[in-house]
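A short write-up of the structure that comes next.
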Amino acid sequence: LMPTDRKTKWNATWLSEHDHSGVKISRWCQKDDDNDDEATCRLCNRGVNFRQHGIAALRQHADGAKHKALSRAMVAAYSQQKINAFFPITPSENQQLKKVEAEASLPQQTMAASLRFGLLVVRKDLSFKTMDEISETLPVAIPDSSVAQNFSCGRTKTTYLVTDALAPHAKEEMFKSLRDSPFSILLDEGTKRDRCWLVLLARTFCIERQKVILVYIGSEELKNSSASNMKDTVLSLLSQAKLPARNVISVMTDSCNAMRGIHNGLLTKLKDAMPQLIDVGGCSLHHVHNSVQYATKAFDSTGEAEGLMDDVYNYFRFVKRRGAFHEIQDALDLAEHVFIRRVETRWLQILNVIRRILEQWEALKLHFEKASASELDNIRARRIKLALTDEMLAKLQFLSQVLPRCEAFEKIFQRESTQVHHLASSLEKLFSDILLCFMRSEVVENSRSLSDLVDRATDRNNQLMNKDLIIGSATRETVARLRQMEQIGFFKSVRCFFSEIISRLFAYLPFNNKVLSGLQFVDPEYMLGSDFNFDNSILRVGRAMSTVISADLLDDIRLEATRLRLTCPTEKAKETPEAFWAQLSVEDYPHLSKLGRAACCIPHGNADSERVLKWVANNLTKQRNRLGEVTLDSILAVKVWMKCNSTGPAKVTIDSNLLDTAFQAKSKADERRRAKQNEKAMKRLQQALEEQRRLVTEKEKELQQQKQQKQAEAQTKIDEMRKKAQDMLALADKEEHALRKRHGDSEEAKSKKKKK
């Protein structure tokens with residue numbers, strides 16, 4: 001076919017037409033004065049050749065993805081629609097953000113909405129697949145919103161927005177407060193779905209918020225949970241975050257051997273790398289919980305009480321049995337509460353189990369007294385019926401009376417606010433309260449030291465009489481109904497409980513930690529009170545924090561502390577430690593304020609790490625057990641960031657920097673995916689090379705073995721031939737000898753015959 005000379009000329013009426021999106025062509029198109037065959041798209045800043053197809057060429061260009069996105073932004077700018085999803089709008093901020101709202105383009109509004117939904121998915125531990133449904137539902141549910149109509153954020157986009165936009169932004173915001181300030185680190189490891197994770201957090205003082213904030217540093221899946229591997233992981237996470245190790249002032253862990261072993265524990269190895277670390281004795285929450293566990297087992301040596309708790313929960317798990325039990329609860333006017341499962345790993349959770357059984361005790365007795373023979377065929381039902389005695393009731397009542405002391409301690413030091421100033425005094429109070437429950441007061445007063453007191457606690461002569469033991473009035477009434485031998489056994493078990501918990505608390509808790517007792521100066525009531533002692537508080541802590549305050553400045557701190565006590569109003573003593581030290585003037589008290597804020601960062605327990613590990617468990621569900629390491633790390637970072645800022649998805653400020661990062665998130669995710677694929681390819685190549693080397697080695701070994709086998713076979717043949725030759729020579733020698741003998745005999749016979 002010959003090329004045609006047909007040529008479409010420009011027609012000005014095209015500008016009054018509309019493209020396939022309904023936008024008037026004149027809004028984005030104009031005739032190119034320099035080229036008669038082209039028009040210019042002002043949105044895309046490029047020419048469109050209409051020579052062959054005329055207006056169809058213009059409409060075809062308008063159907064392109066880039067042009068459509070720019071066209072939607074243009075329409076939004078012309079209509080000047082409001083954007084409620086770009087920045088959080090509150091009545092106080094409304095006037096300030098009007099200008100920003102008006103200037104935002106539609107793509108920015110849509111991306112901001114996508115980021116907020118990503119925050120919602122993280123905040124509520126939702127599956128990323130949820131966003132597939134939301135993306136389909138939102139345009140239908142809100143047809144009059146241009147943002148909703150252009151919203152498209154499925155699980156893949158949500159994932160890379162979280163991992164490559166929100167998480168880096170959140171980490172950088174949190175790390176800013178750590179790079180120039182002292183901070184403490186908290187770490188713990190936990191196993192979920194056969195995957196072991198280590199979580200690293202930090203506590204630092206934020207002057208703007210007037211409180212200590214929790215910062216997420218990172219997490220990593222452990223292939224080996226040894227102390228050496230965890231140490232390398234901690235140092236690696238600090239290095240990746242570009243956080244100087246010299247700023248770390250203390251480490252908080254639980255008390256297992258891998259963490260706090262004297263010779264090869266993680267803390268010992270970290271002190272080799274960071275010798276400035278302050279040790280306040282590990283997590284006292286774990287110590288108290290473990291002491292209660294050992295004491296409870298000593299008290300209930302037969303395991304009958306724990307067996308009853310487990311049997312009651314497991315028996316009433318079934319709906320039919322709960323229905324029959326609810327009828328008895330209604331008859332006795334009891335709350336229709338369900339029984340609680342006993343979990344040893346939860347701090348003092350056994351107390352809630354005991355309280356629930358005591359609440360339903362009468363209903364339990366009545367239920368099993370009326371149980372039919374078929375119901376009692378169940379071995380668990382028979383055990384429960386036999387266990388519902390006054391002796392068991394007395395045991396549960398005693399535990400419900402003595403454990404609340406430990407529960408109160410646990411509740412105080414699970415708080416997120418600074419409590420380290422109360423830790424030493426609270427430990428001493430808990431110890432003395434339990435001692436006075438079973439020891440004579442004069443023995444406690446006359447003891448020379450805590451160790452001497454613990455040694456005396458096991459002596460029956462130093463303990464109270466049975467009638468004076470603190471076991472609770474309800475327990476004593478129940479014990480009075482027991483037989484004499486049962487009473488003797490019960491009080492013996494009570495003494496075992498008290499002796500065991502005292503010895504465990506003394507062995508575990510840091511009663512002799514001088515730095516911990518010195519941290520009471522963090523409390524403004526002590527700092528400004530009459531009991532203040534500089535040498536026993538600030539001086540001890542200042543010497544321990546050598547990287548925060550040099551030894552040359554301790555005299556200056558003494559002068560600042562004296563001036564503060566003389567000039568500070570007395571009402572300041574009622575403020576919280578965090579508010580007190582945040583408001584302390586840096587100009588007037590430069591060294592004292594720095595030391596006080598650093599001391600507030602020292603953790604009083606490891607509850608924060610346990611909470612983050614709980615978030616790990618919430619995300620690594622049975623349906624999401626293949627969640628990637630990078631994705632889980634990003635989820636935890638964003639969750640801690642929102643918690644740190646006390647905000648939610650609707651209130652997070654999405655600024656231009658975050659939006660720019662979000663627009664680049666896909667390319668970063670692609671780069672990371674390609675790098676991961678390259679890493680896997682290199683790993684496969686390395687494995688293939690190693691396999692090839694192995695095959696070559698095996699082939700060489702096989703050839704060597706074949707060669708050796710052939711040599712052995714040849715040698716065997718040579719040996720056989722040599723033996724055969726030797727046998728033939730021996731036979732020839734024998735025959736020759738026999739021949740000679742016969743010849744000799746014949747000659748001798750001839751000579752004799754001749755003589756005759």
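Ordering of the structure tokens sets the chain letters (A, B, ...), residue numbers begin anew at 1 in every chain, and ligands are numbered from 1 in the order given.
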**Request:** Would you please give, as number ranges by chain, all residues of segment 246-308 of chain A that DSSP assigns to strand (DSSP E) based on the backbone?
**Result:** A: 248-252
Same residues, N, CA, C and O atoms, output as a PDB file, in the first residue's frame:
ATOM      1  N   VAL A 248      23.780   5.139  76.411  1.00  0.00           N
ATOM      2  CA  VAL A 248      23.004   4.156  77.171  1.00  0.00           C
ATOM      3  C   VAL A 248      23.486   4.180  78.613  1.00  0.00           C
ATOM      4  O   VAL A 248      24.680   3.999  78.889  1.00  0.00           O
ATOM      5  N   ILE A 249      22.564   4.378  79.568  1.00  0.00           N
ATOM      6  CA  ILE A 249      22.960   4.465  80.978  1.00  0.00           C
ATOM      7  C   ILE A 249      22.567   3.227  81.774  1.00  0.00           C
ATOM      8  O   ILE A 249      23.159   2.950  82.816  1.00  0.00           O
ATOM      9  N   SER A 250      21.579   2.452  81.310  1.00  0.00           N
ATOM     10  CA  SER A 250      21.201   1.236  82.032  1.00  0.00           C
ATOM     11  C   SER A 250      20.467   0.296  81.091  1.00  0.00           C
ATOM     12  O   SER A 250      19.990   0.708  80.024  1.00  0.00           O
ATOM     13  N   VAL A 251      20.386  -0.959  81.503  1.00  0.00           N
ATOM     14  CA  VAL A 251      19.711  -2.002  80.738  1.00  0.00           C
ATOM     15  C   VAL A 251      18.742  -2.720  81.667  1.00  0.00           C
ATOM     16  O   VAL A 251      19.100  -3.065  82.796  1.00  0.00           O
ATOM     17  N   MET A 252      17.525  -2.949  81.183  1.00  0.00           N
ATOM     18  CA  MET A 252      16.531  -3.684  81.968  1.00  0.00           C
ATOM     19  C   MET A 252      16.139  -4.946  81.210  1.00  0.00           C
ATOM     20  O   MET A 252      15.743  -4.885  80.038  1.00  0.00           O
TER      21      MET A 252
END
**Message:** Applying 9 Å and only C-alpha atoms, which residues near segment 393-395 of chain A remain after dropping the ones on its own chain fewer than 3 positions away? List them as a list in words.
**Reply:**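 Near segment 393-395 of chain A, the qualifying residues are Phe299, Asp300, Ala305, Leu358, Trp361, Leu388, Thr389, Asp390, Phe398, Leu399, Ser400, Ala474, Thr475, Arg476, Glu477, Thr478, Val479, Phe490 and Val494 of chain A.
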I'd like a table as CSV: residues in segment 258-367 of chain A with an atom no more than 7 Å from segment 597-610 of chain A, each row giving the shortest atom pair and its distance in Å to one decimal, only C-alpha atoms counted, sorted by chain and rising residue number.
residue,atom,partner,partner_atom,distance
A:Cys283,CA,A:Gly605,CA,4.7
A:Ser284,CA,A:Gly605,CA,6.2
A:Leu285,CA,A:Gly605,CA,6.3
**Asked** Using only C-alpha atoms, which residues sit within 8 Å of segment 362-370 of chain A once same-chain residues fewer than 6 positions away are excluded, as a PyMOL selection string?
**Response** chain A and resi 325+328-329+332+381+384-385+388
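The nearest approach to Leu214 of chain A among the residues A:Glu713, A:Glu416, A:Glu391, A:Glu359, with only C-alpha atoms taken into account, belongs to A:Glu416.
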Applying 12 Å and only C-alpha atoms, which residues near Gly64 of chain A remain after dropping the ones on its own chain fewer than 3 positions away? List them as a compact mmCIF listing (two decimals) with N, CA and C atoms, in the first residue's frame.
# COMPACT_ATOMS: atom_id res chain seq x y z
N ASP A 19 -13.47 15.30 26.69
CA ASP A 19 -12.78 14.01 26.57
C ASP A 19 -13.62 12.92 27.25
N HIS A 20 -13.11 11.68 27.29
CA HIS A 20 -13.89 10.56 27.83
C HIS A 20 -14.11 10.67 29.34
N SER A 21 -13.33 11.51 30.02
CA SER A 21 -13.52 11.72 31.46
C SER A 21 -14.51 12.83 31.76
N LEU A 43 -1.24 20.08 30.59
CA LEU A 43 -1.05 19.28 31.81
C LEU A 43 0.21 18.43 31.71
N CYS A 44 0.34 17.72 30.57
CA CYS A 44 1.48 16.81 30.40
C CYS A 44 2.69 17.51 29.83
N ALA A 57 -7.44 11.51 18.36
CA ALA A 57 -6.08 11.47 18.90
C ALA A 57 -6.00 12.22 20.22
N LEU A 58 -6.71 13.36 20.30
CA LEU A 58 -6.72 14.12 21.55
C LEU A 58 -7.37 13.32 22.67
N ARG A 59 -8.51 12.68 22.36
CA ARG A 59 -9.21 11.89 23.38
C ARG A 59 -8.39 10.65 23.78
N GLN A 60 -7.68 10.08 22.82
CA GLN A 60 -6.84 8.93 23.15
C GLN A 60 -5.72 9.34 24.11
N HIS A 61 -5.14 10.51 23.89
CA HIS A 61 -4.11 11.01 24.82
C HIS A 61 -4.70 11.25 26.21
N HIS A 67 -2.12 11.49 32.33
CA HIS A 67 -3.00 12.62 32.04
C HIS A 67 -4.23 12.59 32.95
N LYS A 68 -4.76 11.39 33.19
CA LYS A 68 -5.95 11.29 34.05
C LYS A 68 -5.64 11.77 35.46
N ALA A 69 -4.48 11.36 36.00
CA ALA A 69 -4.13 11.79 37.36
C ALA A 69 -3.98 13.30 37.43
N LEU A 70 -3.33 13.88 36.43
CA LEU A 70 -3.16 15.34 36.42
C LEU A 70 -4.48 16.05 36.19
N SER A 71 -5.34 15.42 35.42
CA SER A 71 -6.64 16.02 35.15
C SER A 71 -7.50 16.04 36.41
**Item:** Spatial neighbours of Asp37 of chain A, max dist 9 Å, only C-alpha atoms, sep filter under 4 positions, as a PyMOL selection string
**Value:** chain A and resi 7-10+32+48-51
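Each of A:Thr716, A:Ser537, A:Ser593, A:Thr661 was compared to Asp556 of chain A using only C-alpha atoms, and A:Ser593 turns out to be the nearest.
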